[in-house]
Amino acid sequence: MRTYRAKSGPFAEQPFYKLDEIESICMEALTSVGLFPASPSPVRIDRFIEKRFKVQPSYDALPSGILGFTRFGTNGVEEIIVSQSLDEEGTTAAERRLRTTLAHEGGHGLLHAHLFALGDRPDSLFAGELATDAPKIMCRDDAQTGGESGKKPPYRWWEFQANQAMGALLLPRSLVEKALKGSLEVRGLLGIPVLPSGNRDSSIRMIAETFDVNPVVARIRLEALYPPSSEQQLTL
């Protein structure tokens, strides 16, 4: 992990993580608390939050568009609050959004807690919303899907990184590869695994069911691990 002077956002410094670094951080975090699945299956993300950060997620009525937030102290994560509406809706889609929200907040805890331990720290990453006396990172509705409504959300590097960690926590690379064993093809001189376009839609549905996430999360994760452009390049 490298650190640069931030050009945007509320922090003076911006950490830069390669995707492989985030994958390793998340795998080690799950393994350290005994929650890395032995085979492709849903990660117990609620239990991970409890064991890794020593907090139990709580639920509250949050403003529209806010799915959850993490409150930080000098020693790291102090509290994770999730929108009560996700817990009360009772649908499969809502339950999966609850899982992704917890994983997203867990990503902030793993990647960004050190920023709040510094002397110069923001009260909130979204000034004016849920104003309290404790610093926090809030997760907006557009943070996890990249703006599925068609309107591109403003770039927030801390949200982008938390989303990468969310994918690595809920859909660990090695387990996704095992689940896709019959769908991947090895191509090129380097033997790079590729997900053919003809297998992509069925793979998204299968990964969503196997790991208990919504299809949009499965799609984004597979695009990160097996970019469609890689198939085109190796075919040329």
# chains A, B, ... in the order shown; residues from 1 in each chain; ligands from 1

call {"tool": "select_by_dssp", "arguments": {"residues": "range 28-221 of chain A", "states": "strand (DSSP E or B)", "output": "ChimeraX atom specification"}}
result
/A:58-60,66-73,76-83,124,136-140,185-187,192-194

call {"tool": "write_last_selection", "arguments": {"atoms": "N, CA and C atoms", "output": "PDB file, in the first residue's frame"}}
result
ATOM      1  N   SER A  58     -25.772  -2.605  14.307  1.00  0.00           N
ATOM      2  CA  SER A  58     -27.094  -2.225  14.793  1.00  0.00           C
ATOM      3  C   SER A  58     -27.868  -1.558  13.668  1.00  0.00           C
ATOM      4  N   TYR A  59     -29.170  -1.404  13.866  1.00  0.00           N
ATOM      5  CA  TYR A  59     -30.044  -0.916  12.809  1.00  0.00           C
ATOM      6  C   TYR A  59     -30.785   0.324  13.297  1.00  0.00           C
ATOM      7  N   ASP A  60     -30.925   1.301  12.381  1.00  0.00           N
ATOM      8  CA  ASP A  60     -31.572   2.549  12.751  1.00  0.00           C
ATOM      9  C   ASP A  60     -32.218   3.140  11.504  1.00  0.00           C
ATOM     10  N   ILE A  66     -29.128   6.588   2.261  1.00  0.00           N
ATOM     11  CA  ILE A  66     -28.012   6.181   3.109  1.00  0.00           C
ATOM     12  C   ILE A  66     -28.267   4.757   3.583  1.00  0.00           C
ATOM     13  N   LEU A  67     -27.394   3.843   3.194  1.00  0.00           N
ATOM     14  CA  LEU A  67     -27.563   2.438   3.557  1.00  0.00           C
ATOM     15  C   LEU A  67     -26.931   2.102   4.897  1.00  0.00           C
ATOM     16  N   GLY A  68     -25.894   2.825   5.262  1.00  0.00           N
ATOM     17  CA  GLY A  68     -25.234   2.547   6.524  1.00  0.00           C
ATOM     18  C   GLY A  68     -24.056   3.464   6.733  1.00  0.00           C
ATOM     19  N   PHE A  69     -23.461   3.393   7.899  1.00  0.00           N
ATOM     20  CA  PHE A  69     -22.235   4.145   8.146  1.00  0.00           C
ATOM     21  C   PHE A  69     -21.423   3.484   9.246  1.00  0.00           C
ATOM     22  N   THR A  70     -20.140   3.792   9.227  1.00  0.00           N
ATOM     23  CA  THR A  70     -19.206   3.292  10.230  1.00  0.00           C
ATOM     24  C   THR A  70     -18.679   4.464  11.028  1.00  0.00           C
ATOM     25  N   ARG A  71     -18.734   4.331  12.338  1.00  0.00           N
ATOM     26  CA  ARG A  71     -18.197   5.363  13.216  1.00  0.00           C
ATOM     27  C   ARG A  71     -16.819   4.916  13.706  1.00  0.00           C
ATOM     28  N   PHE A  72     -15.843   5.806  13.585  1.00  0.00           N
ATOM     29  CA  PHE A  72     -14.465   5.486  13.918  1.00  0.00           C
ATOM     30  C   PHE A  72     -13.981   6.253  15.137  1.00  0.00           C
ATOM     31  N   GLY A  73     -13.026   5.652  15.813  1.00  0.00           N
ATOM     32  CA  GLY A  73     -12.302   6.308  16.883  1.00  0.00           C
ATOM     33  C   GLY A  73     -10.820   6.121  16.653  1.00  0.00           C
ATOM     34  N   GLY A  76      -9.870   2.564  15.913  1.00  0.00           N
ATOM     35  CA  GLY A  76     -10.494   1.859  14.798  1.00  0.00           C
ATOM     36  C   GLY A  76     -12.005   1.950  14.809  1.00  0.00           C
ATOM     37  N   VAL A  77     -12.659   0.897  14.319  1.00  0.00           N
ATOM     38  CA  VAL A  77     -14.121   0.866  14.209  1.00  0.00           C
ATOM     39  C   VAL A  77     -14.746   0.836  15.603  1.00  0.00           C
ATOM     40  N   GLU A  78     -15.676   1.756  15.835  1.00  0.00           N
ATOM     41  CA  GLU A  78     -16.394   1.786  17.106  1.00  0.00           C
ATOM     42  C   GLU A  78     -17.846   1.359  16.968  1.00  0.00           C
ATOM     43  N   GLU A  79     -18.418   1.546  15.773  1.00  0.00           N
ATOM     44  CA  GLU A  79     -19.842   1.233  15.596  1.00  0.00           C
ATOM     45  C   GLU A  79     -20.150   1.139  14.109  1.00  0.00           C
ATOM     46  N   ILE A  80     -21.010   0.195  13.748  1.00  0.00           N
ATOM     47  CA  ILE A  80     -21.516   0.084  12.378  1.00  0.00           C
ATOM     48  C   ILE A  80     -23.036   0.110  12.438  1.00  0.00           C
ATOM     49  N   ILE A  81     -23.614   1.082  11.771  1.00  0.00           N
ATOM     50  CA  ILE A  81     -25.066   1.257  11.737  1.00  0.00           C
ATOM     51  C   ILE A  81     -25.559   0.983  10.326  1.00  0.00           C
ATOM     52  N   VAL A  82     -26.626   0.212  10.209  1.00  0.00           N
ATOM     53  CA  VAL A  82     -27.210  -0.133   8.915  1.00  0.00           C
ATOM     54  C   VAL A  82     -28.659   0.351   8.881  1.00  0.00           C
ATOM     55  N   SER A  83     -29.102   0.736   7.700  1.00  0.00           N
ATOM     56  CA  SER A  83     -30.472   1.217   7.538  1.00  0.00           C
ATOM     57  C   SER A  83     -31.482   0.165   7.985  1.00  0.00           C
ATOM     58  N   SER A 124     -16.960  14.007   9.289  1.00  0.00           N
ATOM     59  CA  SER A 124     -17.769  13.118   8.472  1.00  0.00           C
ATOM     60  C   SER A 124     -17.328  13.246   7.034  1.00  0.00           C
ATOM     61  N   LYS A 136     -17.029   9.605  10.901  1.00  0.00           N
ATOM     62  CA  LYS A 136     -17.659   8.426  10.316  1.00  0.00           C
ATOM     63  C   LYS A 136     -17.539   8.443   8.806  1.00  0.00           C
ATOM     64  N   ILE A 137     -17.740   7.292   8.225  1.00  0.00           N
ATOM     65  CA  ILE A 137     -17.866   7.128   6.782  1.00  0.00           C
ATOM     66  C   ILE A 137     -19.260   6.598   6.513  1.00  0.00           C
ATOM     67  N   MET A 138     -19.984   7.273   5.638  1.00  0.00           N
ATOM     68  CA  MET A 138     -21.344   6.837   5.316  1.00  0.00           C
ATOM     69  C   MET A 138     -21.416   6.211   3.935  1.00  0.00           C
ATOM     70  N   CYS A 139     -22.218   5.189   3.818  1.00  0.00           N
ATOM     71  CA  CYS A 139     -22.397   4.477   2.560  1.00  0.00           C
ATOM     72  C   CYS A 139     -23.698   4.912   1.903  1.00  0.00           C
ATOM     73  N   ARG A 140     -23.592   5.523   0.738  1.00  0.00           N
ATOM     74  CA  ARG A 140     -24.775   5.928  -0.021  1.00  0.00           C
ATOM     75  C   ARG A 140     -25.293   4.774  -0.867  1.00  0.00           C
ATOM     76  N   GLU A 185     -12.154 -20.684 -19.424  1.00  0.00           N
ATOM     77  CA  GLU A 185     -11.283 -21.266 -20.444  1.00  0.00           C
ATOM     78  C   GLU A 185      -9.889 -20.679 -20.279  1.00  0.00           C
ATOM     79  N   VAL A 186      -8.873 -21.511 -20.408  1.00  0.00           N
ATOM     80  CA  VAL A 186      -7.486 -21.057 -20.321  1.00  0.00           C
ATOM     81  C   VAL A 186      -6.997 -20.736 -21.723  1.00  0.00           C
ATOM     82  N   ARG A 187      -6.524 -19.505 -21.905  1.00  0.00           N
ATOM     83  CA  ARG A 187      -6.116 -19.066 -23.236  1.00  0.00           C
ATOM     84  C   ARG A 187      -4.771 -18.351 -23.171  1.00  0.00           C
ATOM     85  N   ILE A 192      -3.880 -17.780 -19.227  1.00  0.00           N
ATOM     86  CA  ILE A 192      -4.730 -16.886 -18.438  1.00  0.00           C
ATOM     87  C   ILE A 192      -6.179 -17.373 -18.481  1.00  0.00           C
ATOM     88  N   PRO A 193      -6.825 -17.527 -17.300  1.00  0.00           N
ATOM     89  CA  PRO A 193      -8.243 -17.945 -17.297  1.00  0.00           C
ATOM     90  C   PRO A 193      -9.141 -16.824 -17.805  1.00  0.00           C
ATOM     91  N   VAL A 194     -10.034 -17.157 -18.687  1.00  0.00           N
ATOM     92  CA  VAL A 194     -10.943 -16.190 -19.313  1.00  0.00           C
ATOM     93  C   VAL A 194     -12.366 -16.699 -19.154  1.00  0.00           C
TER      94      VAL A 194
END

call {"tool": "residues_around", "arguments": {"residues": "Arg52 in chain A", "least_positions_apart": "6", "cutoff": "10 Å", "atoms": "only C-alpha atoms", "output": "list in words"}}
result
Ala29, Leu30, Ser32, Val33, Val77, Gly106, Gly109 and Leu110 of chain A

call {"tool": "write_last_selection", "arguments": {"atoms": "N, CA and C atoms", "output": "short mmCIF file (atom, residue, chain, number, x, y, z; two decimals), in the first residue's frame"}}
result
data_model
loop_
_atom_site.label_atom_id
_atom_site.label_comp_id
_atom_site.auth_asym_id
_atom_site.auth_seq_id
_atom_site.Cartn_x
_atom_site.Cartn_y
_atom_site.Cartn_z
N ALA A 29 -7.97 -11.41 6.56
CA ALA A 29 -8.90 -11.00 7.61
C ALA A 29 -9.95 -12.08 7.86
N LEU A 30 -10.49 -12.66 6.79
CA LEU A 30 -11.47 -13.73 6.95
C LEU A 30 -10.84 -14.97 7.58
N SER A 32 -8.22 -15.11 9.52
CA SER A 32 -7.78 -14.87 10.90
C SER A 32 -8.89 -15.10 11.92
N VAL A 33 -10.14 -14.98 11.48
CA VAL A 33 -11.25 -15.21 12.41
C VAL A 33 -12.00 -16.50 12.09
N VAL A 77 -12.66 0.90 14.32
CA VAL A 77 -14.12 0.87 14.21
C VAL A 77 -14.75 0.84 15.60
N GLY A 106 -17.29 -3.12 6.30
CA GLY A 106 -16.10 -3.87 6.69
C GLY A 106 -14.89 -3.49 5.88
N GLY A 109 -13.46 -0.46 7.31
CA GLY A 109 -12.75 -0.80 8.54
C GLY A 109 -11.37 -1.37 8.28
N LEU A 110 -11.25 -2.20 7.24
CA LEU A 110 -9.97 -2.81 6.93
C LEU A 110 -9.00 -1.85 6.25
#

call {"tool": "residues_around", "arguments": {"residues": "His104 in chain A", "least_positions_apart": "5", "cutoff": "7 Å", "atoms": "only C-alpha atoms", "output": "PyMOL selection string"}}
result
chain A and resi 162-163+165-166

call {"tool": "select_by_dssp", "arguments": {"residues": "range 18-213 of chain A", "states": "alpha helix (DSSP H)", "output": "ChimeraX atom specification"}}
result
/A:19-32,45-53,84-89,92-116,157-170,173-179,197-211

call {"tool": "residues_around", "arguments": {"residues": "Leu222 in chain A", "least_positions_apart": "5", "cutoff": "10 Å", "atoms": "only C-alpha atoms", "output": "VMD selection string"}}
result
chain A and resid 167 171 173 176 to 177 195 200 203 to 204 207 216 to 217 227 to 228

call {"tool": "write_last_selection", "arguments": {"atoms": "C-alpha atoms", "output": "JSON list (two decimals), in the first residue's frame"}}
result
[["chain", "number", "residue", "atom", "x", "y", "z"],
["A", 167, "GLY", "CA", -16.24, -7.86, -3.53],
["A", 171, "LEU", "CA", -16.70, -13.22, -3.35],
["A", 173, "ARG", "CA", -11.19, -14.81, -5.79],
["A", 176, "VAL", "CA", -15.08, -17.75, -7.35],
["A", 177, "GLU", "CA", -12.54, -19.52, -9.53],
["A", 195, "LEU", "CA", -14.70, -16.13, -18.87],
["A", 200, "ARG", "CA", -21.04, -14.76, -18.63],
["A", 203, "SER", "CA", -22.09, -17.45, -14.52],
["A", 204, "ILE", "CA", -23.44, -14.24, -13.01],
["A", 207, "ILE", "CA", -22.28, -16.82, -8.60],
["A", 216, "VAL", "CA", -25.39, -6.71, -10.05],
["A", 217, "VAL", "CA", -22.73, -7.40, -7.39],
["A", 227, "PRO", "CA", -12.67, -8.36, -17.84],
["A", 228, "PRO", "CA", -14.50, -8.86, -21.14]]

call {"tool": "atom_distance", "arguments": {"atom1": "CA of Phe211 in chain A", "atom2": "CA of Trp158 in chain A"}}
result
24.5 Å
